[in-house]
$ cat run_27.cif   # mmCIF, C-alpha atoms
data_target
#
loop_
_atom_site.label_atom_id
_atom_site.label_comp_id
_atom_site.auth_asym_id
_atom_site.auth_seq_id
_atom_site.Cartn_x
_atom_site.Cartn_y
_atom_site.Cartn_z
CA MET A 1 25.67 75.50 -77.82
CA THR A 2 22.56 73.36 -78.18
CA GLU A 3 22.10 70.01 -76.47
CA ARG A 4 22.38 68.21 -79.80
CA GLU A 5 25.67 69.91 -80.63
CA SER A 6 27.11 69.08 -77.23
CA GLY A 7 25.96 65.49 -77.72
CA LEU A 8 27.73 65.27 -81.08
CA ARG A 9 30.91 66.67 -79.57
CA ALA A 10 30.70 64.06 -76.83
CA ALA A 11 30.18 61.41 -79.50
CA LEU A 12 33.29 62.56 -81.32
CA GLY A 13 35.13 62.20 -78.04
CA GLY A 14 34.17 58.53 -78.12
CA LEU A 15 36.39 57.81 -81.14
CA THR A 16 38.72 54.92 -80.49
CA THR A 17 42.40 54.90 -81.39
CA ARG A 18 41.50 53.23 -84.66
CA GLY A 19 38.87 55.82 -85.44
CA ARG A 20 41.23 58.72 -84.67
CA SER A 21 43.90 57.12 -86.80
CA PHE A 22 41.53 56.75 -89.76
CA LEU A 23 40.39 60.35 -89.38
CA ALA A 24 43.96 61.68 -89.16
CA ALA A 25 45.06 59.57 -92.12
CA GLY A 26 42.13 60.76 -94.20
CA ILE A 27 42.83 64.43 -93.45
CA ALA A 28 46.54 63.96 -94.22
CA ALA A 29 45.76 62.18 -97.51
CA ALA A 30 43.32 64.94 -98.51
CA VAL A 31 45.94 67.64 -97.82
CA CYS A 32 48.61 65.76 -99.76
CA ALA A 33 46.21 65.21 -102.67
CA TYR A 34 45.47 68.94 -102.79
CA VAL A 35 49.18 69.87 -102.69
CA LEU A 36 50.28 67.23 -105.20
CA GLY A 37 47.22 67.46 -107.39
CA GLN A 38 46.30 63.78 -107.10
CA PRO A 39 42.50 63.32 -107.32
CA ASP A 40 42.70 59.57 -106.65
CA LEU A 41 44.52 60.20 -103.39
CA LEU A 42 41.81 62.73 -102.47
CA ARG A 43 39.11 60.10 -102.87
CA VAL A 44 41.06 57.72 -100.62
CA GLY A 45 41.51 60.45 -98.04
CA LEU A 46 37.81 61.31 -98.06
CA LEU A 47 36.92 57.65 -97.59
CA LEU A 48 39.30 57.31 -94.64
CA ALA A 49 37.97 60.49 -93.01
CA VAL A 50 34.26 59.91 -93.62
CA LEU A 51 34.17 56.31 -92.35
CA PRO A 52 34.75 57.14 -88.62
CA LEU A 53 32.40 60.14 -88.86
CA VAL A 54 29.63 57.94 -90.27
CA CYS A 55 30.21 55.42 -87.48
CA VAL A 56 29.95 58.21 -84.89
CA THR A 57 26.69 59.48 -86.38
CA VAL A 58 25.08 56.05 -86.62
CA LEU A 59 26.19 55.06 -83.11
CA TYR A 60 25.04 58.37 -81.64
CA ARG A 61 21.54 57.85 -83.02
CA THR A 62 21.50 54.16 -82.07
CA ARG A 63 22.34 54.55 -78.39
CA TYR A 64 19.07 56.35 -77.69
CA ARG A 65 17.15 53.53 -79.35
CA VAL A 66 18.43 50.88 -76.96
CA ALA A 67 16.37 50.31 -73.80
CA GLY A 68 17.60 48.64 -70.63
CA SER A 69 15.69 47.22 -67.65
CA ARG A 70 16.43 45.38 -64.42
CA ARG A 71 14.42 42.92 -62.33
CA LEU A 72 15.24 41.54 -58.88
CA SER A 73 14.27 38.05 -57.81
CA PRO A 74 13.49 38.43 -54.96
CA SER A 75 13.70 42.08 -53.92
CA ARG A 76 13.89 41.12 -50.23
CA VAL A 77 16.39 38.45 -49.21
CA SER A 78 17.85 37.21 -45.94
CA ALA A 79 21.44 37.89 -45.03
CA MET A 80 23.89 35.28 -46.38
CA SER A 81 21.35 34.31 -49.05
CA GLU A 82 21.55 35.00 -52.76
CA ALA A 83 19.32 37.06 -55.00
CA ARG A 84 19.37 37.08 -58.79
CA VAL A 85 19.36 40.25 -60.87
CA HIS A 86 17.97 39.96 -64.39
CA LEU A 87 19.04 42.51 -67.02
CA ARG A 88 17.35 42.99 -70.37
CA VAL A 89 18.44 45.07 -73.36
CA ASP A 90 15.93 45.85 -76.14
CA ASN A 91 16.82 47.23 -79.57
CA VAL A 92 13.89 49.43 -80.55
CA SER A 93 15.53 50.85 -83.69
CA ARG A 94 15.41 49.64 -87.27
CA LEU A 95 19.14 49.02 -87.40
CA PRO A 96 21.11 46.26 -85.74
CA THR A 97 23.44 47.24 -82.92
CA GLY A 98 27.13 46.57 -82.82
CA LEU A 99 28.99 44.94 -79.98
CA LEU A 100 27.51 45.86 -76.58
CA MET A 101 29.14 45.83 -73.17
CA LEU A 102 26.66 45.86 -70.29
CA GLN A 103 27.74 46.95 -66.81
CA ASP A 104 25.69 47.35 -63.64
CA ARG A 105 26.76 49.28 -60.58
CA VAL A 106 26.45 47.39 -57.31
CA PRO A 107 27.83 48.15 -53.81
CA TYR A 108 31.05 46.34 -53.06
CA VAL A 109 29.42 44.34 -50.23
CA LEU A 110 27.25 42.58 -52.81
CA GLY A 111 30.16 41.35 -54.88
CA PRO A 112 32.19 42.42 -57.92
CA ARG A 113 30.73 44.72 -60.54
CA PRO A 114 29.11 42.53 -63.24
CA ARG A 115 30.08 43.04 -66.89
CA PHE A 116 28.63 41.31 -69.94
CA ILE A 117 29.61 41.34 -73.62
CA LEU A 118 26.61 41.04 -75.94
CA ASP A 119 26.78 40.33 -79.64
CA ARG A 120 24.84 42.43 -82.11
CA VAL A 121 21.12 42.73 -81.41
CA GLU A 122 18.81 42.54 -84.41
CA PRO A 123 16.15 45.23 -84.98
CA GLY A 124 13.31 44.69 -82.50
CA GLY A 125 15.29 41.99 -80.69
CA HIS A 126 16.47 41.74 -77.12
CA ARG A 127 19.09 40.04 -74.97
CA GLU A 128 18.78 38.88 -71.37
CA VAL A 129 21.55 38.18 -68.86
CA SER A 130 21.56 37.69 -65.11
CA TYR A 131 23.96 37.69 -62.19
CA ARG A 132 23.82 36.83 -58.50
CA VAL A 133 24.38 39.07 -55.50
CA ARG A 134 24.95 38.06 -51.89
CA SER A 135 25.50 40.03 -48.72
CA ASP A 136 26.47 38.90 -45.24
CA LEU A 137 25.35 42.26 -43.87
CA ARG A 138 21.76 43.38 -43.66
CA GLY A 139 20.74 46.73 -45.14
CA ARG A 140 19.22 48.43 -48.17
CA TYR A 141 21.51 48.48 -51.19
CA PRO A 142 20.93 50.49 -54.38
CA LEU A 143 21.53 48.77 -57.71
CA GLY A 144 22.29 50.96 -60.69
CA PRO A 145 22.50 52.85 -62.82
CA LEU A 146 22.84 50.41 -65.67
CA GLN A 147 25.57 51.41 -68.12
CA LEU A 148 25.66 50.35 -71.75
CA ARG A 149 28.73 50.72 -73.94
CA LEU A 150 28.09 50.52 -77.68
CA THR A 151 30.69 49.80 -80.35
CA ASP A 152 30.30 49.99 -84.11
CA PRO A 153 31.19 46.94 -86.25
CA PHE A 154 34.44 48.58 -87.43
CA GLY A 155 35.62 49.50 -83.94
CA MET A 156 35.84 53.18 -84.81
CA CYS A 157 33.79 54.55 -81.88
CA GLU A 158 32.65 53.61 -78.39
CA LEU A 159 29.79 55.42 -76.67
CA THR A 160 28.45 54.91 -73.16
CA ARG A 161 24.88 55.40 -72.09
CA SER A 162 23.77 55.42 -68.45
CA PHE A 163 20.17 54.66 -67.58
CA SER A 164 18.64 56.59 -64.72
CA ALA A 165 16.60 53.79 -63.14
CA TYR A 166 17.64 52.43 -59.76
CA ASP A 167 16.44 49.39 -57.84
CA THR A 168 16.86 48.61 -54.17
CA LEU A 169 17.77 45.24 -52.72
CA THR A 170 16.67 44.82 -49.11
CA VAL A 171 18.79 42.39 -47.11
CA VAL A 172 16.87 41.48 -43.96
CA PRO A 173 18.24 39.70 -40.87
CA ARG A 174 18.39 35.95 -40.87
CA VAL A 175 15.19 34.39 -39.54
CA GLU A 176 15.87 31.17 -37.67
CA PRO A 177 12.98 28.69 -37.43
CA LEU A 178 11.94 28.18 -33.80
CA PRO A 179 10.29 25.12 -32.25
CA PRO A 180 6.58 25.52 -31.37
CA VAL A 181 6.90 25.60 -27.58
CA LYS A 182 4.20 26.71 -25.17
CA LEU A 183 5.61 29.43 -22.95
CA LYS A 184 3.84 29.14 -19.61
CA GLY A 185 2.63 32.10 -17.62
CA ASP A 186 0.63 34.06 -20.21
CA SER A 187 -1.69 36.45 -18.46
CA SER A 188 -5.38 35.78 -18.32
CA GLY A 189 -7.16 36.83 -21.43
CA TYR A 190 -4.28 36.02 -23.78
CA GLY A 191 -3.28 32.94 -25.69
CA GLU A 192 -4.48 30.77 -28.53
CA SER A 193 -7.29 29.11 -26.61
CA ARG A 194 -8.62 32.50 -25.51
CA THR A 195 -8.57 33.75 -29.08
CA ARG A 196 -10.53 30.76 -30.32
CA ALA A 197 -13.09 31.11 -27.53
CA LEU A 198 -13.72 34.74 -28.39
CA ALA A 199 -14.02 33.97 -32.08
CA LEU A 200 -16.69 31.35 -31.36
CA ALA A 201 -18.71 33.48 -28.95
CA GLY A 202 -22.25 34.37 -29.98
CA ASP A 203 -24.99 36.71 -28.77
CA ASP A 204 -25.85 34.33 -25.95
CA ASP A 205 -22.22 34.02 -24.82
CA VAL A 206 -21.35 37.70 -24.45
CA ILE A 207 -18.49 38.23 -21.99
CA PRO A 208 -18.26 42.00 -21.62
CA ARG A 209 -15.11 43.86 -20.71
CA GLY A 210 -14.44 47.34 -19.42
CA TYR A 211 -14.58 50.27 -21.79
CA ARG A 212 -11.21 51.40 -23.14
CA HIS A 213 -10.32 54.70 -24.69
CA GLY A 214 -10.99 54.48 -28.41
CA ASP A 215 -13.71 51.81 -28.25
CA ASP A 216 -16.73 52.39 -30.46
CA LEU A 217 -19.74 53.46 -28.37
CA ARG A 218 -21.96 51.32 -30.59
CA ARG A 219 -20.32 48.29 -28.95
CA VAL A 220 -21.46 49.24 -25.46
CA HIS A 221 -23.35 46.41 -23.76
CA TRP A 222 -25.99 48.35 -21.81
CA ARG A 223 -27.25 45.46 -19.70
CA SER A 224 -23.77 44.81 -18.33
CA THR A 225 -23.17 48.54 -17.97
CA ALA A 226 -26.22 48.81 -15.72
CA LYS A 227 -25.13 45.74 -13.76
CA TYR A 228 -21.54 46.79 -13.09
CA GLY A 229 -22.08 50.53 -12.95
CA GLU A 230 -19.45 51.30 -15.59
CA LEU A 231 -19.29 51.25 -19.35
CA MET A 232 -18.87 47.71 -20.69
CA VAL A 233 -18.39 46.68 -24.33
CA ARG A 234 -19.17 43.43 -26.13
CA ARG A 235 -15.97 41.45 -26.26
CA GLU A 236 -16.96 39.16 -29.12
CA GLU A 237 -17.27 42.11 -31.49
CA GLN A 238 -13.69 43.14 -30.78
CA PRO A 239 -11.83 39.87 -30.21
CA HIS A 240 -8.57 40.35 -28.38
CA ARG A 241 -5.78 38.42 -30.05
CA ALA A 242 -2.88 37.10 -28.05
CA ARG A 243 -0.23 39.80 -27.87
CA CYS A 244 3.52 39.67 -27.98
CA THR A 245 6.01 42.53 -27.76
CA VAL A 246 9.55 41.98 -29.02
CA LEU A 247 11.91 44.47 -27.38
CA LEU A 248 15.29 45.11 -29.03
CA ASP A 249 17.98 46.97 -27.13
CA THR A 250 19.96 48.99 -29.69
CA ARG A 251 22.08 51.15 -27.36
CA ALA A 252 25.57 51.59 -28.77
CA LEU A 253 27.17 51.34 -25.32
CA ALA A 254 25.50 47.96 -24.73
CA TYR A 255 27.39 46.13 -27.48
CA PHE A 256 30.98 45.77 -28.60
CA GLY A 257 32.26 44.66 -31.96
CA ALA A 258 30.77 44.78 -35.43
CA GLY A 259 30.18 42.52 -38.39
CA PRO A 260 27.82 39.64 -39.17
CA ASP A 261 29.00 37.60 -36.16
CA SER A 262 28.75 40.39 -33.60
CA ALA A 263 26.48 40.38 -30.57
CA PHE A 264 24.30 43.15 -31.95
CA GLU A 265 23.66 41.27 -35.20
CA TRP A 266 22.73 38.17 -33.17
CA ALA A 267 20.20 40.26 -31.24
CA VAL A 268 18.71 41.74 -34.41
CA SER A 269 18.41 38.29 -35.99
CA GLY A 270 16.88 36.94 -32.78
CA ALA A 271 14.27 39.71 -32.68
CA ALA A 272 13.35 38.99 -36.31
CA SER A 273 13.09 35.25 -35.64
CA VAL A 274 10.87 35.63 -32.58
CA ALA A 275 8.60 38.18 -34.28
CA ALA A 276 8.13 35.95 -37.34
CA HIS A 277 7.54 32.88 -35.15
CA MET A 278 4.89 34.54 -33.01
CA LEU A 279 3.11 35.92 -36.07
CA GLU A 280 2.94 32.39 -37.48
CA ARG A 281 1.35 31.23 -34.24
CA GLY A 282 -1.42 33.80 -34.59
CA TYR A 283 -0.15 36.38 -32.12
CA SER A 284 -0.58 40.09 -32.59
CA VAL A 285 3.04 41.25 -32.56
CA ARG A 286 4.80 44.57 -32.35
CA LEU A 287 8.49 45.45 -32.40
CA LEU A 288 9.75 47.91 -29.80
CA THR A 289 13.23 49.43 -29.46
CA ASP A 290 14.89 51.27 -26.58
CA THR A 291 14.20 54.55 -28.41
CA GLY A 292 10.45 54.02 -27.93
CA SER A 293 9.72 53.49 -31.63
CA THR A 294 7.30 50.70 -32.48
CA VAL A 295 6.42 48.73 -35.57
CA PRO A 296 3.82 48.51 -37.06
CA GLY A 297 2.38 51.59 -35.35
CA PRO A 298 2.92 54.04 -32.52
CA GLU A 299 0.34 52.35 -30.30
CA GLY A 300 -1.09 49.32 -32.04
CA PHE A 301 -0.02 45.76 -32.70
CA GLY A 302 0.11 43.87 -35.96
CA GLY A 303 -3.23 43.32 -37.67
CA THR A 304 -4.69 40.26 -39.31
CA ASP A 305 -2.43 40.49 -42.37
CA THR A 306 0.63 38.78 -40.92
CA SER A 307 2.62 38.96 -44.17
CA ASP A 308 2.45 42.77 -44.24
CA THR A 309 3.31 42.99 -40.56
CA ALA A 310 6.24 40.62 -40.93
CA GLY A 311 7.46 42.52 -43.98
CA ALA A 312 7.30 45.86 -42.16
CA MET A 313 9.24 44.47 -39.20
CA LEU A 314 11.89 42.85 -41.36
CA ASP A 315 12.32 46.03 -43.40
CA THR A 316 12.77 47.97 -40.17
CA LEU A 317 15.27 45.48 -38.78
CA ALA A 318 17.17 45.53 -42.08
CA VAL A 319 18.28 49.12 -41.44
CA VAL A 320 18.16 49.35 -37.63
CA ASP A 321 21.38 50.73 -36.17
CA HIS A 322 22.84 51.56 -32.80
CA SER A 323 21.05 54.30 -30.92
CA ASP A 324 22.75 57.08 -28.99
CA GLY A 325 20.48 56.59 -26.00
CA ALA A 326 21.91 55.59 -22.66
CA GLY A 327 18.84 54.00 -21.09
CA LEU A 328 15.63 52.03 -21.49
CA SER A 329 13.28 54.69 -20.10
CA ARG A 330 11.48 55.36 -23.38
CA ALA A 331 10.75 51.68 -23.91
CA LEU A 332 9.48 51.45 -20.33
CA ASP A 333 7.13 54.38 -20.96
CA VAL A 334 5.66 52.60 -23.98
CA LEU A 335 5.14 49.39 -22.02
CA ARG A 336 3.44 51.27 -19.20
CA ALA A 337 0.76 52.50 -21.61
CA GLY A 338 -0.94 49.10 -21.87
CA SER A 339 -1.07 45.55 -20.61
CA GLU A 340 1.09 43.12 -22.54
CA GLY A 341 0.74 39.40 -23.05
CA LEU A 342 4.19 37.96 -23.78
CA LEU A 343 7.28 40.15 -23.63
CA VAL A 344 10.47 38.89 -25.30
CA ALA A 345 13.49 41.16 -24.89
CA PHE A 346 17.01 41.14 -26.32
CA PHE A 347 19.31 43.13 -24.06
CA GLY A 348 22.95 44.07 -24.37
CA ASP A 349 25.10 44.95 -21.37
CA LEU A 350 22.96 46.15 -18.44
CA ASP A 351 24.28 48.15 -15.53
CA GLU A 352 22.44 48.13 -12.23
CA GLU A 353 20.25 51.12 -13.12
CA GLN A 354 19.17 49.73 -16.48
CA ALA A 355 18.63 46.27 -15.00
CA ALA A 356 16.27 47.80 -12.42
CA MET A 357 14.40 49.58 -15.20
CA ALA A 358 14.13 46.35 -17.19
CA ALA A 359 12.87 44.59 -14.08
CA ARG A 360 9.95 47.05 -13.88
CA MET A 361 8.93 46.12 -17.42
CA ARG A 362 7.95 42.70 -16.09
CA GLN A 363 4.98 44.21 -14.22
CA ARG A 364 3.09 44.85 -17.48
CA ALA A 365 3.56 41.39 -19.00
CA GLY A 366 1.91 38.06 -18.46
CA ALA A 367 5.19 36.30 -19.23
CA ALA A 368 8.63 37.74 -19.93
CA VAL A 369 11.70 36.19 -21.51
CA ALA A 370 15.03 38.04 -21.64
CA PHE A 371 18.06 37.16 -23.75
CA VAL A 372 21.03 38.99 -22.22
CA LEU A 373 24.09 39.33 -24.45
CA ASP A 374 26.99 39.98 -22.11
CA SER A 375 29.94 41.43 -24.03
CA ALA A 376 32.45 39.60 -21.83
CA ALA A 377 30.71 36.26 -22.36
CA TRP A 378 30.26 36.98 -26.07
CA GLY A 379 33.94 37.67 -26.49
CA ALA A 380 35.07 34.71 -24.40
CA LEU A 381 35.87 31.83 -26.70
CA ASP A 382 37.25 28.39 -25.98
CA GLU A 383 40.21 27.03 -27.86
CA ASP A 384 37.90 25.26 -30.29
CA GLY A 385 36.14 28.57 -31.09
CA ALA A 386 32.95 27.86 -29.16
CA GLY A 387 31.51 30.44 -26.81
CA ARG A 388 31.43 29.83 -23.06
CA PRO A 389 28.90 31.66 -20.89
CA ALA A 390 30.29 33.86 -18.16
CA VAL A 391 27.22 33.61 -15.90
CA PRO A 392 24.83 30.81 -14.94
CA PRO A 393 21.42 30.73 -16.63
CA ALA A 394 19.34 31.74 -13.60
CA GLY A 395 21.74 34.27 -12.08
CA GLY A 396 24.38 33.84 -9.46
CA GLY A 397 28.02 34.67 -8.84
CA ASP A 398 31.49 33.55 -9.68
CA ALA A 399 33.26 30.70 -8.00
CA ASP A 400 34.93 33.00 -5.48
CA GLY A 401 31.61 34.49 -4.38
CA THR A 402 32.00 37.82 -6.13
CA GLU A 403 29.34 39.04 -8.56
CA ASP A 404 30.16 40.98 -11.69
CA GLY A 405 27.89 43.50 -13.40
CA SER A 406 26.37 41.02 -15.85
CA ALA A 407 25.65 38.43 -13.16
CA ARG A 408 24.03 41.13 -11.02
CA ALA A 409 21.79 42.21 -13.91
CA VAL A 410 20.76 38.61 -14.59
CA ARG A 411 19.97 38.09 -10.91
CA MET A 412 17.85 41.26 -10.73
CA LEU A 413 15.83 40.27 -13.80
CA HIS A 414 15.35 36.76 -12.47
CA GLU A 415 14.13 38.05 -9.10
CA ALA A 416 11.65 40.33 -10.91
CA GLY A 417 10.05 37.33 -12.62
CA TRP A 418 11.89 37.30 -15.94
CA THR A 419 12.98 34.06 -17.55
CA VAL A 420 16.61 35.01 -18.18
CA LEU A 421 18.96 33.37 -20.65
CA PRO A 422 22.52 34.70 -20.96
CA VAL A 423 23.80 34.43 -24.54
CA ALA A 424 27.39 33.76 -25.55
CA ALA A 425 28.99 33.49 -28.97
CA GLY A 426 27.94 30.35 -30.79
CA ASP A 427 24.64 29.88 -28.95
CA ALA A 428 21.71 28.87 -31.17
CA LEU A 429 18.45 30.74 -30.67
CA ALA A 430 16.33 27.62 -31.20
CA GLU A 431 18.03 25.83 -28.31
CA LEU A 432 17.70 28.86 -26.06
CA TRP A 433 14.02 29.14 -27.00
CA GLN A 434 13.38 25.57 -25.85
CA ARG A 435 15.44 26.19 -22.73
CA ALA A 436 13.28 29.21 -21.88
CA ASP A 437 10.20 26.99 -21.94
CA ARG A 438 11.85 24.47 -19.60
CA TYR A 439 13.02 27.18 -17.19
CA ARG A 440 9.55 28.70 -17.10
CA SER A 441 7.91 25.34 -16.43
CA ARG A 442 10.29 24.65 -13.51
CA GLU A 443 9.73 28.12 -12.08
CA GLU A 444 5.96 27.72 -12.17
CA ALA A 445 6.18 24.24 -10.68
CA GLY A 446 8.28 25.62 -7.81
CA THR A 447 5.70 28.28 -6.97
CA ARG A 448 2.84 25.83 -6.61
#
$ encode --input "run_27.cif" --output "structure tokens"
Amino acid sequence: MTERESGLRAALGGLTTRGRSFLAAGIAAAVCAYVLGQPDLLRVGLLLAVLPLVCVTVLYRTRYRVAGSRRLSPSRVSAMSEARVHLRVDNVSRLPTGLLMLQDRVPYVLGPRPRFILDRVEPGGHREVSYRVRSDLRGRYPLGPLQLRLTDPFGMCELTRSFSAYDTLTVVPRVEPLPPVKLKGDSSGYGESRTRALALAGDDDVIPRGYRHGDDLRRVHWRSTAKYGELMVRREEQPHRARCTVLLDTRALAYFGAGPDSAFEWAVSGAASVAAHMLERGYSVRLLTDTGSTVPGPEGFGGTDTSDTAGAMLDTLAVVDHSDGAGLSRALDVLRAGSEGLLVAFFGDLDEEQAAMAARMRQRAGAAVAFVLDSAAWGALDEDGAGRPAVPPAGGGDADGTEDGSARAVRMLHEAGWTVLPVAAGDALAELWQRADRYRSREEAGTR
């Protein structure tokens, strides 16, 4: 059986109850006319039988002359925000279409399946409709295929055509605007003022630095090399932007609960917010997870195109999931490979071993801020629904003098030089961000 014959058989299967009734009545009238010898009844029977067959033929040819398309606006949207999907149907045939029913397949998390009834479309004409989608959960969601159901004007036949094109809606974590604070304690050679000074340096203001693996030998400053006895390169030709590493702990055993209000989703949204904020401030940012994977690259930081870097990080965070790892050793290995400027970490539950490992990360950073999401504190809610922290901000114990695992981890990070902020349900990242600046200022004032 050829493809065309199978298509016609499928079209005949699209006959409605009315069409089947007309066809059966026509065949019965033709048989009765033959038996009774009534030519007028034969003509009526032929008319009844031919009408649904003509509708099937016309509709079968028409459905392949109707084009459908989809457009997302925008294609990347934050969680709990809406996107609009625009559908367009074009009639490229010389005949008008009948009644059309348009249906698009969407995942259930985006809302109900949209359906539209379109009146006849004139030859060469088109119709446009749109619907909104919204998701509280981040992720990548396929839209499609678009299905079109055609009906002839007499209601004799209904045929469905599915288009093969798919589109993908990317729902990224919510990005919370953060206040422009100045986190104290950045290591020498990092920061906005340092970046501006390097950008303004000229031939007479060369401040050489030591040669690093991968530096172009054409940038070697021979006068300084002879003076210091080691290879030195011109710093102004390779300006060093202020760096920031955002570390996200994704270990499955470090978080409890699921859903848009879970601790893990708060950490993912916090990592996205900090990364976007530091990129806006001109920092060179990279995203690091406990698995050792980095964005935008295996070794480098974000380049000068902050929009591309932010997009890559948000796309990664849109689909990031719990890891099966039990420790932070891989992330520590990545941080050991180079000197960091500002390190901002989002940790889940930390036992004593992992807290000690996180404490060693502080050695490679000029300043370090840790947001610790304790599962017990995250699950502890007051009667009014607000979260209450289970540990003090700078570490410490309970009222009876005992120290639980979370308090011990906070204390160890604080003693290692981290600025530690325990996070409970209901805490706003912007307030914690300002609090981190105040804590750091007091810590530096106490050391002077």
$ atom_distance --input "run_27.cif" --atom1 "atom CA of Ile117 of chain A" --atom2 "atom CA of Ala24 of chain A"
29.3 Å
$ residues_around --input "run_27.cif" --residues "Arg286 of chain A" --least-positions-apart "4" --cutoff "12 Å" --atoms "only C-alpha atoms" --output "ChimeraX atom specification"
/A:242-248,271-272,274-276,278-279,292-303,306,309-310,312-314,316,334-335,340-345
$ resolve_selection --input "run_27.cif" --expression "the PyMOL selection byres ((chain A and resi 177) around 9)" --output "list in words"
Val175, Glu176, Leu178, Pro179, Ser273, Val274, Ala276, His277, Leu429 and Ala430 of chain A
$ atom_distance --input "run_27.cif" --atom1 "atom CA of Gln103 of chain A" --atom2 "atom CA of Arg134 of chain A"
17.6 Å
$ closest_residue --input "run_27.cif" --among "A:Glu128, A:Asp215, A:Glu158, A:Asp349" --to "Arg18 of chain A" --atoms "all atoms listed in the file"
A:Glu158
$ residues_around --input "run_27.cif" --residues "Pro39 of chain A" --least-positions-apart "6" --cutoff "10 Å" --atoms "only C-alpha atoms" --output "list of chain:residue names"
A:Ala30, A:Ala33, A:Gly45
$ atom_distance --input "run_27.cif" --atom1 "atom CA of Arg76 of chain A" --atom2 "atom CA of Ser307 of chain A"
13.0 Å
